[in-house]
Amino acid sequence: MKKVLITGASRGLGAEIAKLFLENGDLVYINYNQSKDKAQDNFKNYPNAHLVKCDVSNEEEIKEMINTIKNEVDYLDVIVNNAGIAIDTMVDDKTMANFQKIIDTNLIGPFLVVKYARYLLKNTSSIINISSTNGIDTYYPYSLDYDASKAGLISLTHNMAVELAPIRVNAVAPGWINTDMNKDLDEDFIKKECEHILLKRFADPKEVAQVVFFLASDEASYINNTVIRVDGGFR
Ligand SMILES: NC(=O)c1ccc[n+]([C@@H]2O[C@H](COP(=O)([O-])OP(=O)(O)OC[C@H]3O[C@@H](n4cnc5c(N)ncnc54)[C@H](OP(=O)(O)O)[C@@H]3O)[C@@H](O)[C@H]2O)c1
């Protein structure tokens with residue numbers, strides 16, 4: 001039975017990743033921030049799901065979350081840094097406060113989670129950071145702050161891999177996924193984006209979750225310090 005922490009697992013991709021581990025018989029710390037009810041509802045049938053509140057943009061809350069976990073288990077096999085936000089606006093409407101919030105949540109949060117949970121990791125443990133193709137080569141000025149945070153997370157992945165070896169550290173870079181994050185997208189925009197995707201559709205979150213689950217498995221024991229795109233073939 002693996003012991004797993006997934007940030008931002010109350011809904012969306014994080015919840016799908018959590019369900020795969022839970023259905024495999026693993027124990028999963030489901031981190032939520034604002035969506036407590038949703039998290040409770042999503043995981044009511046999973047006795048091995050342990051809900052834990054934490055705003056990953058808040059260092060003190062991260063420390064508390066890791067302390068809570070430490071009081072219940074001796075180690076963690078897997079950390080998935082999944083929590084993330086986007087605040088899409090025209091470039092002229094970008095504010096420093098929002099840019100900061102995105103960096104705090106998407107980039108500094110994953111660093112602090114690993115910093116404080118590091119001593120719970122074993123040599124066989126692994127970390128998976130959820131980045132985005134926006135952090136590699138698909139750029140959208142309305143999400144330039146988000147894109148920069150996801151590029152930073154890839155850099156963080158590589159440095160963590162160097163620092164923590166033999167703990168494996170990898171990133172997953174999804175393209176478009178059907179989650180709440182994209183629920184307000186314009187139909188025309190979705191259609192245009194799909195023209196650039198060889199599979200002509202957005203991903204179901206399960207299709208990305210499977211890749212994360214594999215990366216955490218013993219079958220992926222030689223995959224390290226890499227970024228795996230899951231974007232349906234974007235060009
Ligand atoms: N959807 C896409 O197309 C796409 C593409 C590439 C990468 N991604 C990345 O995939 C990850 C999951 O995204 P998603 O599509 O599942 O988004 P989502 O449906 O909007 O869900 C976001 C999750 O992150 C959590 N979260 C947000 N801020 C948080 C904070 N400060 N502390 C703790 N948890 C926080 C939310 O928890 P609460 O609701 O409990 O606050 C929620 O569980 C993100 O890192 C995102 O950037 C998404």
# chains A, B, ... in the order shown; residues from 1 in each chain; ligands from 1

call {"tool": "residues_around", "arguments": {"residues": "Pro174 in chain A", "least_positions_apart": "4", "cutoff": "8 Å", "atoms": "only C-alpha atoms", "output": "JSON, numbers by chain"}}
result
{"A": [130, 131, 132, 133, 208, 229, 230, 231]}

call {"tool": "residues_near_ligand", "arguments": {"ligand": "ligand 1", "cutoff": "6 Å", "atoms": "only C-alpha atoms and all ligand atoms", "output": "mmCIF file with N, CA, C and O atoms, in the first residue's frame"}}
result
data_model
loop_
_atom_site.group_PDB
_atom_site.id
_atom_site.type_symbol
_atom_site.label_atom_id
_atom_site.label_comp_id
_atom_site.auth_asym_id
_atom_site.auth_seq_id
_atom_site.Cartn_x
_atom_site.Cartn_y
_atom_site.Cartn_z
ATOM 1 N N THR A 7 -1.828 17.289 -3.940
ATOM 2 C CA THR A 7 -2.352 18.628 -3.669
ATOM 3 C C THR A 7 -3.441 18.955 -4.698
ATOM 4 O O THR A 7 -3.417 18.466 -5.828
ATOM 5 N N GLY A 8 -4.400 19.756 -4.262
ATOM 6 C CA GLY A 8 -5.492 20.139 -5.168
ATOM 7 C C GLY A 8 -6.248 18.943 -5.686
ATOM 8 O O GLY A 8 -6.524 18.825 -6.881
ATOM 9 N N ALA A 9 -6.634 18.055 -4.756
ATOM 10 C CA ALA A 9 -7.294 16.806 -5.182
ATOM 11 C C ALA A 9 -8.793 16.817 -4.901
ATOM 12 O O ALA A 9 -9.462 15.790 -5.020
ATOM 13 N N SER A 10 -9.336 17.969 -4.544
ATOM 14 C CA SER A 10 -10.775 18.026 -4.221
ATOM 15 C C SER A 10 -11.644 17.785 -5.453
ATOM 16 O O SER A 10 -12.780 17.324 -5.347
ATOM 17 N N ARG A 11 -11.104 18.129 -6.629
ATOM 18 C CA ARG A 11 -11.888 18.027 -7.871
ATOM 19 C C ARG A 11 -10.919 17.993 -9.047
ATOM 20 O O ARG A 11 -9.693 18.018 -8.849
ATOM 21 N N GLY A 12 -11.454 17.912 -10.264
ATOM 22 C CA GLY A 12 -10.637 18.004 -11.465
ATOM 23 C C GLY A 12 -9.611 16.885 -11.591
ATOM 24 O O GLY A 12 -9.835 15.752 -11.153
ATOM 25 N N LEU A 13 -8.475 17.226 -12.187
ATOM 26 C CA LEU A 13 -7.432 16.229 -12.436
ATOM 27 C C LEU A 13 -6.950 15.581 -11.136
ATOM 28 O O LEU A 13 -6.777 14.351 -11.072
ATOM 29 N N GLY A 14 -6.748 16.390 -10.108
ATOM 30 C CA GLY A 14 -6.248 15.843 -8.827
ATOM 31 C C GLY A 14 -7.155 14.762 -8.274
ATOM 32 O O GLY A 14 -6.695 13.727 -7.771
ATOM 33 N N TYR A 32 -7.329 19.684 -0.045
ATOM 34 C CA TYR A 32 -8.298 20.617 -0.631
ATOM 35 C C TYR A 32 -8.032 21.994 -0.065
ATOM 36 O O TYR A 32 -7.388 22.126 0.990
ATOM 37 N N ASN A 33 -8.543 23.011 -0.721
ATOM 38 C CA ASN A 33 -8.457 24.354 -0.152
ATOM 39 C C ASN A 33 -9.856 24.901 0.054
ATOM 40 O O ASN A 33 -10.360 24.927 1.166
ATOM 41 N N GLN A 34 -10.527 25.268 -1.068
ATOM 42 C CA GLN A 34 -11.855 25.887 -0.910
ATOM 43 C C GLN A 34 -12.992 24.890 -1.052
ATOM 44 O O GLN A 34 -14.103 25.162 -0.616
ATOM 45 N N SER A 35 -12.745 23.746 -1.693
ATOM 46 C CA SER A 35 -13.850 22.847 -2.061
ATOM 47 C C SER A 35 -13.985 21.660 -1.096
ATOM 48 O O SER A 35 -13.943 20.498 -1.529
ATOM 49 N N CYS A 54 -5.442 22.637 3.138
ATOM 50 C CA CYS A 54 -4.220 23.459 3.047
ATOM 51 C C CYS A 54 -4.311 24.342 1.817
ATOM 52 O O CYS A 54 -4.611 23.872 0.724
ATOM 53 N N ASP A 55 -4.032 25.623 2.033
ATOM 54 C CA ASP A 55 -3.845 26.536 0.911
ATOM 55 C C ASP A 55 -2.359 26.477 0.562
ATOM 56 O O ASP A 55 -1.514 26.917 1.355
ATOM 57 N N VAL A 56 -2.019 25.907 -0.591
ATOM 58 C CA VAL A 56 -0.595 25.703 -0.900
ATOM 59 C C VAL A 56 0.152 27.006 -1.213
ATOM 60 O O VAL A 56 1.364 26.976 -1.436
ATOM 61 N N SER A 57 -0.571 28.127 -1.214
ATOM 62 C CA SER A 57 0.139 29.398 -1.367
ATOM 63 C C SER A 57 0.499 29.981 0.005
ATOM 64 O O SER A 57 0.996 31.106 0.092
ATOM 65 N N ASN A 82 -0.191 18.948 -7.707
ATOM 66 C CA ASN A 82 -1.203 19.149 -8.753
ATOM 67 C C ASN A 82 -1.947 20.478 -8.617
ATOM 68 O O ASN A 82 -2.417 21.015 -9.614
ATOM 69 N N ALA A 83 -2.066 21.008 -7.395
ATOM 70 C CA ALA A 83 -2.870 22.232 -7.188
ATOM 71 C C ALA A 83 -2.381 23.332 -8.117
ATOM 72 O O ALA A 83 -1.174 23.557 -8.247
ATOM 73 N N GLY A 84 -3.312 23.998 -8.760
ATOM 74 C CA GLY A 84 -2.907 25.080 -9.655
ATOM 75 C C GLY A 84 -4.075 25.987 -9.980
ATOM 76 O O GLY A 84 -5.241 25.574 -9.929
ATOM 77 N N ILE A 85 -3.736 27.234 -10.296
ATOM 78 C CA ILE A 85 -4.771 28.204 -10.700
ATOM 79 C C ILE A 85 -4.314 28.966 -11.938
ATOM 80 O O ILE A 85 -3.122 29.103 -12.196
ATOM 81 N N THR A 105 0.999 29.908 -5.793
ATOM 82 C CA THR A 105 0.249 28.645 -5.808
ATOM 83 C C THR A 105 0.926 27.592 -6.690
ATOM 84 O O THR A 105 1.107 26.441 -6.284
ATOM 85 N N ILE A 130 2.707 18.641 -11.708
ATOM 86 C CA ILE A 130 1.816 18.843 -12.856
ATOM 87 C C ILE A 130 2.094 20.223 -13.450
ATOM 88 O O ILE A 130 1.694 21.259 -12.902
ATOM 89 N N SER A 131 2.790 20.202 -14.562
ATOM 90 C CA SER A 131 3.087 21.442 -15.288
ATOM 91 C C SER A 131 2.027 21.621 -16.372
ATOM 92 O O SER A 131 0.835 21.344 -16.148
ATOM 93 N N SER A 132 2.442 22.002 -17.551
ATOM 94 C CA SER A 132 1.502 22.235 -18.663
ATOM 95 C C SER A 132 2.317 22.434 -19.936
ATOM 96 O O SER A 132 3.466 22.909 -19.873
ATOM 97 N N PRO A 174 0.309 18.418 -19.353
ATOM 98 C CA PRO A 174 -0.908 18.192 -20.153
ATOM 99 C C PRO A 174 -1.163 19.360 -21.100
ATOM 100 O O PRO A 174 -0.730 20.487 -20.861
ATOM 101 N N GLY A 175 -1.884 19.038 -22.163
ATOM 102 C CA GLY A 175 -2.475 20.092 -22.987
ATOM 103 C C GLY A 175 -3.839 20.417 -22.394
ATOM 104 O O GLY A 175 -3.995 20.459 -21.175
ATOM 105 N N TRP A 176 -4.846 20.598 -23.236
ATOM 106 C CA TRP A 176 -6.183 20.939 -22.744
ATOM 107 C C TRP A 176 -6.867 19.723 -22.106
ATOM 108 O O TRP A 176 -6.889 18.646 -22.697
ATOM 109 N N ILE A 177 -7.424 19.938 -20.905
ATOM 110 C CA ILE A 177 -8.163 18.869 -20.212
ATOM 111 C C ILE A 177 -9.571 19.385 -19.915
ATOM 112 O O ILE A 177 -9.739 20.564 -19.557
ATOM 113 N N ASN A 178 -10.552 18.520 -20.012
ATOM 114 C CA ASN A 178 -11.930 18.897 -19.663
ATOM 115 C C ASN A 178 -12.111 18.931 -18.148
ATOM 116 O O ASN A 178 -12.448 17.928 -17.533
ATOM 117 N N THR A 179 -11.831 20.087 -17.552
ATOM 118 C CA THR A 179 -12.060 20.279 -16.111
ATOM 119 C C THR A 179 -12.670 21.670 -15.917
ATOM 120 O O THR A 179 -12.771 22.449 -16.871
ATOM 121 N N ASP A 180 -12.970 21.978 -14.658
ATOM 122 C CA ASP A 180 -13.534 23.298 -14.327
ATOM 123 C C ASP A 180 -12.651 24.447 -14.817
ATOM 124 O O ASP A 180 -13.145 25.537 -15.107
ATOM 125 N N MET A 181 -11.328 24.178 -14.874
ATOM 126 C CA MET A 181 -10.408 25.251 -15.278
ATOM 127 C C MET A 181 -10.782 25.804 -16.654
ATOM 128 O O MET A 181 -10.525 26.959 -16.959
ATOM 129 N N ASN A 182 -11.395 24.962 -17.472
ATOM 130 C CA ASN A 182 -11.731 25.387 -18.844
ATOM 131 C C ASN A 182 -13.230 25.548 -19.062
ATOM 132 O O ASN A 182 -13.670 25.653 -20.212
#

call {"tool": "atom_distance", "arguments": {"atom1": "CA of Lys122 in chain A", "atom2": "CA of Tyr46 in chain A"}}
result
25.5 Å

call {"tool": "select_by_dssp", "arguments": {"residues": "range 4-221 of chain A", "states": "strand (DSSP E)", "output": "PyMOL selection string"}}
result
chain A and resi 4-6+27-32+49-53+76-81+121-130+168-174

call {"tool": "write_last_selection", "arguments": {"atoms": "N, CA, C and O atoms", "output": "CSV table (one decimal), in the first residue's frame"}}
result
chain,number,residue,atom,x,y,z
A,4,VAL,N,0.3,8.4,-0.2
A,4,VAL,CA,0.4,9.3,-1.3
A,4,VAL,C,-0.2,10.7,-0.9
A,4,VAL,O,-1.2,10.7,-0.2
A,5,LEU,N,0.4,11.8,-1.2
A,5,LEU,CA,-0.1,13.1,-1.0
A,5,LEU,C,-0.4,13.7,-2.4
A,5,LEU,O,0.5,13.8,-3.2
A,6,ILE,N,-1.6,14.2,-2.6
A,6,ILE,CA,-1.9,14.9,-3.8
A,6,ILE,C,-2.5,16.3,-3.5
A,6,ILE,O,-3.5,16.4,-2.8
A,27,LEU,N,-3.2,4.5,0.2
A,27,LEU,CA,-3.7,5.5,1.2
A,27,LEU,C,-3.4,6.9,0.6
A,27,LEU,O,-2.3,7.1,0.3
A,28,VAL,N,-4.4,7.7,0.5
A,28,VAL,CA,-4.2,9.0,-0.2
A,28,VAL,C,-4.6,10.2,0.7
A,28,VAL,O,-5.7,10.3,1.2
A,29,TYR,N,-3.7,11.1,0.9
A,29,TYR,CA,-4.0,12.4,1.5
A,29,TYR,C,-4.5,13.3,0.4
A,29,TYR,O,-3.8,13.6,-0.6
A,30,ILE,N,-5.8,13.7,0.5
A,30,ILE,CA,-6.5,14.5,-0.5
A,30,ILE,C,-6.4,15.9,0.0
A,30,ILE,O,-7.2,16.3,1.0
A,31,ASN,N,-5.6,16.7,-0.5
A,31,ASN,CA,-5.5,18.1,-0.1
A,31,ASN,C,-6.6,18.9,-0.8
A,31,ASN,O,-6.7,18.8,-2.1
A,32,TYR,N,-7.3,19.7,0.0
A,32,TYR,CA,-8.3,20.6,-0.6
A,32,TYR,C,-8.0,22.0,-0.1
A,32,TYR,O,-7.4,22.1,1.0
A,49,ALA,N,-9.2,7.5,1.9
A,49,ALA,CA,-9.0,8.9,1.5
A,49,ALA,C,-9.0,9.7,2.8
A,49,ALA,O,-10.0,9.7,3.5
A,50,HIS,N,-7.9,10.4,3.0
A,50,HIS,CA,-7.8,11.3,4.2
A,50,HIS,C,-7.8,12.7,3.7
A,50,HIS,O,-6.8,13.2,3.0
A,51,LEU,N,-8.8,13.4,4.0
A,51,LEU,CA,-8.9,14.8,3.6
A,51,LEU,C,-8.1,15.7,4.4
A,51,LEU,O,-8.1,15.6,5.7
A,52,VAL,N,-7.3,16.6,3.8
A,52,VAL,CA,-6.5,17.5,4.6
A,52,VAL,C,-6.5,18.9,4.0
A,52,VAL,O,-6.2,19.1,2.8
A,53,LYS,N,-6.9,19.9,4.8
A,53,LYS,CA,-7.1,21.3,4.3
A,53,LYS,C,-5.7,22.0,4.2
A,53,LYS,O,-4.9,21.8,5.1
A,76,LEU,N,6.1,9.0,3.1
A,76,LEU,CA,5.3,9.1,1.9
A,76,LEU,C,6.0,8.5,0.7
A,76,LEU,O,7.2,8.7,0.5
A,77,ASP,N,5.3,7.7,-0.1
A,77,ASP,CA,5.8,7.1,-1.3
A,77,ASP,C,5.7,8.1,-2.5
A,77,ASP,O,6.6,8.0,-3.4
A,78,VAL,N,4.7,8.9,-2.5
A,78,VAL,CA,4.4,9.7,-3.7
A,78,VAL,C,3.9,11.1,-3.2
A,78,VAL,O,3.0,11.2,-2.3
A,79,ILE,N,4.4,12.1,-3.9
A,79,ILE,CA,3.8,13.4,-3.8
A,79,ILE,C,3.5,13.9,-5.2
A,79,ILE,O,4.3,13.8,-6.1
A,80,VAL,N,2.2,14.3,-5.4
A,80,VAL,CA,1.8,14.8,-6.7
A,80,VAL,C,1.5,16.3,-6.4
A,80,VAL,O,0.5,16.6,-5.7
A,81,ASN,N,2.3,17.2,-6.9
A,81,ASN,CA,2.0,18.6,-6.9
A,81,ASN,C,1.1,19.0,-8.0
A,81,ASN,O,1.6,19.3,-9.1
A,121,LEU,N,10.2,11.3,2.8
A,121,LEU,CA,10.4,10.6,1.5
A,121,LEU,C,11.5,9.5,1.7
A,121,LEU,O,12.4,9.7,2.5
A,122,LYS,N,11.3,8.4,1.0
A,122,LYS,CA,12.3,7.3,1.1
A,122,LYS,C,13.1,7.3,-0.3
A,122,LYS,O,12.6,8.0,-1.2
A,123,ASN,N,14.1,6.6,-0.4
A,123,ASN,CA,14.9,6.5,-1.6
A,123,ASN,C,14.0,6.0,-2.8
A,123,ASN,O,14.3,6.4,-3.9
A,124,THR,N,13.0,5.3,-2.5
A,124,THR,CA,12.1,4.7,-3.5
A,124,THR,C,10.9,5.6,-3.8
A,124,THR,O,10.1,5.3,-4.7
A,125,SER,N,10.8,6.7,-3.1
A,125,SER,CA,9.7,7.6,-3.3
A,125,SER,C,9.8,8.3,-4.6
A,125,SER,O,10.8,8.4,-5.3
A,126,SER,N,8.7,8.9,-5.1
A,126,SER,CA,8.7,9.8,-6.3
A,126,SER,C,7.8,11.0,-6.2
A,126,SER,O,6.8,11.0,-5.4
A,127,ILE,N,8.2,12.0,-6.9
A,127,ILE,CA,7.5,13.3,-7.0
A,127,ILE,C,7.0,13.5,-8.4
A,127,ILE,O,7.8,13.3,-9.3
A,128,ILE,N,5.8,13.9,-8.5
A,128,ILE,CA,5.3,14.3,-9.9
A,128,ILE,C,4.7,15.7,-9.8
A,128,ILE,O,3.8,15.9,-9.0
A,129,ASN,N,5.2,16.5,-10.6
A,129,ASN,CA,4.8,17.9,-10.7
A,129,ASN,C,3.9,18.1,-11.9
A,129,ASN,O,4.3,17.7,-13.0
A,130,ILE,N,2.7,18.6,-11.7
A,130,ILE,CA,1.8,18.8,-12.9
A,130,ILE,C,2.1,20.2,-13.4
A,130,ILE,O,1.7,21.3,-12.9
A,168,ARG,N,12.9,9.8,-7.5
A,168,ARG,CA,12.6,10.2,-8.9
A,168,ARG,C,11.7,11.4,-8.9
A,168,ARG,O,10.7,11.5,-8.1
A,169,VAL,N,12.0,12.4,-9.7
A,169,VAL,CA,11.2,13.6,-9.8
A,169,VAL,C,10.9,13.8,-11.3
A,169,VAL,O,11.8,14.0,-12.1
A,170,ASN,N,9.6,13.8,-11.6
A,170,ASN,CA,9.2,14.0,-13.0
A,170,ASN,C,8.1,15.1,-13.1
A,170,ASN,O,7.4,15.3,-12.1
A,171,ALA,N,7.9,15.6,-14.3
A,171,ALA,CA,6.8,16.5,-14.5
A,171,ALA,C,5.9,15.9,-15.6
A,171,ALA,O,6.3,15.2,-16.5
A,172,VAL,N,4.6,16.2,-15.5
A,172,VAL,CA,3.6,15.9,-16.6
A,172,VAL,C,3.1,17.2,-17.1
A,172,VAL,O,2.8,18.1,-16.3
A,173,ALA,N,3.2,17.3,-18.4
A,173,ALA,CA,2.7,18.5,-19.1
A,173,ALA,C,1.5,18.3,-19.9
A,173,ALA,O,1.6,17.9,-21.1
A,174,PRO,N,0.3,18.4,-19.4
A,174,PRO,CA,-0.9,18.2,-20.2
A,174,PRO,C,-1.2,19.4,-21.1
A,174,PRO,O,-0.7,20.5,-20.9

call {"tool": "closest_residue", "arguments": {"among": "A:Lys200, A:Gly152, A:Tyr139, A:Ala117", "to": "Thr68 in chain A", "atoms": "only C-alpha atoms"}}
result
A:Ala117

call {"tool": "closest_atom_pairs", "arguments": {"of": "range 125-160 of chain A", "to": "range 87-97 of chain A", "cutoff": "9 Å", "atoms": "only C-alpha atoms", "output": "tab-separated table"}}
result
residue	atom	partner	partner_atom	distance
A:Pro141	CA	A:Val91	CA	6.5
A:Tyr142	CA	A:Thr89	CA	5.0
A:Ser143	CA	A:Asp88	CA	5.1
A:Leu144	CA	A:Val91	CA	8.0
A:Asp145	CA	A:Ile87	CA	8.2
A:Tyr146	CA	A:Ile87	CA	7.5

call {"tool": "write_last_selection", "arguments": {"atoms": "all heavy atoms", "output": "PDB file, in the first residue's frame"}}
result
ATOM      1  N   PRO A 141      -0.855  34.905 -24.473  1.00  0.00           N
ATOM      2  CA  PRO A 141      -0.593  36.110 -23.668  1.00  0.00           C
ATOM      3  C   PRO A 141      -1.584  36.312 -22.516  1.00  0.00           C
ATOM      4  O   PRO A 141      -1.199  36.804 -21.454  1.00  0.00           O
ATOM      5  CB  PRO A 141      -0.691  37.238 -24.698  1.00  0.00           C
ATOM      6  CG  PRO A 141      -0.267  36.583 -25.977  1.00  0.00           C
ATOM      7  CD  PRO A 141      -0.814  35.180 -25.920  1.00  0.00           C
ATOM      8  N   TYR A 142      -2.852  35.899 -22.679  1.00  0.00           N
ATOM      9  CA  TYR A 142      -3.808  36.103 -21.583  1.00  0.00           C
ATOM     10  C   TYR A 142      -3.477  35.246 -20.367  1.00  0.00           C
ATOM     11  O   TYR A 142      -3.988  35.473 -19.275  1.00  0.00           O
ATOM     12  CB  TYR A 142      -5.257  35.845 -22.052  1.00  0.00           C
ATOM     13  CG  TYR A 142      -5.511  34.453 -22.571  1.00  0.00           C
ATOM     14  CD1 TYR A 142      -5.675  33.387 -21.694  1.00  0.00           C
ATOM     15  CD2 TYR A 142      -5.569  34.198 -23.937  1.00  0.00           C
ATOM     16  CE1 TYR A 142      -5.873  32.102 -22.163  1.00  0.00           C
ATOM     17  CE2 TYR A 142      -5.768  32.914 -24.416  1.00  0.00           C
ATOM     18  CZ  TYR A 142      -5.914  31.876 -23.520  1.00  0.00           C
ATOM     19  OH  TYR A 142      -6.107  30.597 -23.983  1.00  0.00           O
ATOM     20  N   SER A 143      -2.597  34.237 -20.541  1.00  0.00           N
ATOM     21  CA  SER A 143      -2.195  33.426 -19.378  1.00  0.00           C
ATOM     22  C   SER A 143      -0.674  33.455 -19.213  1.00  0.00           C
ATOM     23  O   SER A 143      -0.083  32.486 -18.754  1.00  0.00           O
ATOM     24  CB  SER A 143      -2.692  31.985 -19.525  1.00  0.00           C
ATOM     25  OG  SER A 143      -2.074  31.349 -20.644  1.00  0.00           O
ATOM     26  N   LEU A 144      -0.068  34.590 -19.557  1.00  0.00           N
ATOM     27  CA  LEU A 144       1.401  34.639 -19.510  1.00  0.00           C
ATOM     28  C   LEU A 144       1.945  34.375 -18.113  1.00  0.00           C
ATOM     29  O   LEU A 144       3.027  33.801 -17.951  1.00  0.00           O
ATOM     30  CB  LEU A 144       1.928  35.963 -20.083  1.00  0.00           C
ATOM     31  CG  LEU A 144       1.511  37.299 -19.451  1.00  0.00           C
ATOM     32  CD1 LEU A 144       2.303  37.626 -18.206  1.00  0.00           C
ATOM     33  CD2 LEU A 144       1.691  38.413 -20.471  1.00  0.00           C
ATOM     34  N   ASP A 145       1.171  34.777 -17.088  1.00  0.00           N
ATOM     35  CA  ASP A 145       1.611  34.550 -15.698  1.00  0.00           C
ATOM     36  C   ASP A 145       1.556  33.050 -15.367  1.00  0.00           C
ATOM     37  O   ASP A 145       2.491  32.469 -14.814  1.00  0.00           O
ATOM     38  CB  ASP A 145       0.754  35.379 -14.719  1.00  0.00           C
ATOM     39  CG  ASP A 145      -0.684  35.558 -15.218  1.00  0.00           C
ATOM     40  OD1 ASP A 145      -1.137  34.759 -16.081  1.00  0.00           O
ATOM     41  OD2 ASP A 145      -1.362  36.492 -14.753  1.00  0.00           O
ATOM     42  N   TYR A 146       0.457  32.432 -15.764  1.00  0.00           N
ATOM     43  CA  TYR A 146       0.303  30.979 -15.587  1.00  0.00           C
ATOM     44  C   TYR A 146       1.392  30.232 -16.358  1.00  0.00           C
ATOM     45  O   TYR A 146       2.034  29.311 -15.839  1.00  0.00           O
ATOM     46  CB  TYR A 146      -1.087  30.579 -16.076  1.00  0.00           C
ATOM     47  CG  TYR A 146      -1.380  29.093 -16.124  1.00  0.00           C
ATOM     48  CD1 TYR A 146      -1.857  28.428 -14.990  1.00  0.00           C
ATOM     49  CD2 TYR A 146      -1.215  28.362 -17.302  1.00  0.00           C
ATOM     50  CE1 TYR A 146      -2.153  27.065 -15.043  1.00  0.00           C
ATOM     51  CE2 TYR A 146      -1.506  27.010 -17.361  1.00  0.00           C
ATOM     52  CZ  TYR A 146      -1.981  26.363 -16.227  1.00  0.00           C
ATOM     53  OH  TYR A 146      -2.267  25.015 -16.281  1.00  0.00           O
TER      54      TYR A 146
END

call {"tool": "closest_residue", "arguments": {"among": "A:Asn58, A:Asn225, A:Asn71, A:Asn134", "to": "Pro110 in chain A", "atoms": "only C-alpha atoms"}}
result
A:Asn58

call {"tool": "closest_residue", "arguments": {"among": "A:Ile17, A:Leu198, A:Met65, A:Phe234", "to": "Asp137 in chain A", "atoms": "only C-alpha atoms"}}
result
A:Phe234

call {"tool": "atom_distance", "arguments": {"atom1": "CA of Phe202 in chain A", "atom2": "CA of Lys19 in chain A"}}
result
20.5 Å

call {"tool": "select_by_dssp", "arguments": {"residues": "range 3-212 of chain A", "states": "alpha helix (DSSP H)", "output": "JSON, numbers by chain"}}
result
{"A": [12, 13, 14, 15, 16, 17, 18, 19, 20, 21, 22, 23, 36, 37, 38, 39, 40, 41, 42, 59, 60, 61, 62, 63, 64, 65, 66, 67, 68, 69, 70, 96, 97, 98, 99, 100, 101, 102, 103, 109, 110, 111, 112, 113, 114, 115, 116, 117, 144, 145, 146, 147, 148, 149, 150, 151, 152, 153, 154, 155, 156, 157, 158, 159, 160, 161, 162, 163, 164, 187, 188, 189, 190, 191, 192, 193, 194, 195, 205, 206, 207, 208, 209, 210, 211, 212]}

call {"tool": "closest_residue", "arguments": {"among": "A:Val211, A:Ala15, A:Val113, A:His196", "to": "Glu64 in chain A", "atoms": "only C-alpha atoms"}}
result
A:Val113

call {"tool": "atom_distance", "arguments": {"atom1": "CA of Ile102 in chain A", "atom2": "CA of Ala203 in chain A"}}
result
23.2 Å

call {"tool": "closest_residue", "arguments": {"among": "A:Asn67, A:Leu20, A:Thr157, A:Asp74", "to": "Asn48 in chain A", "atoms": "only C-alpha atoms"}}
result
A:Leu20
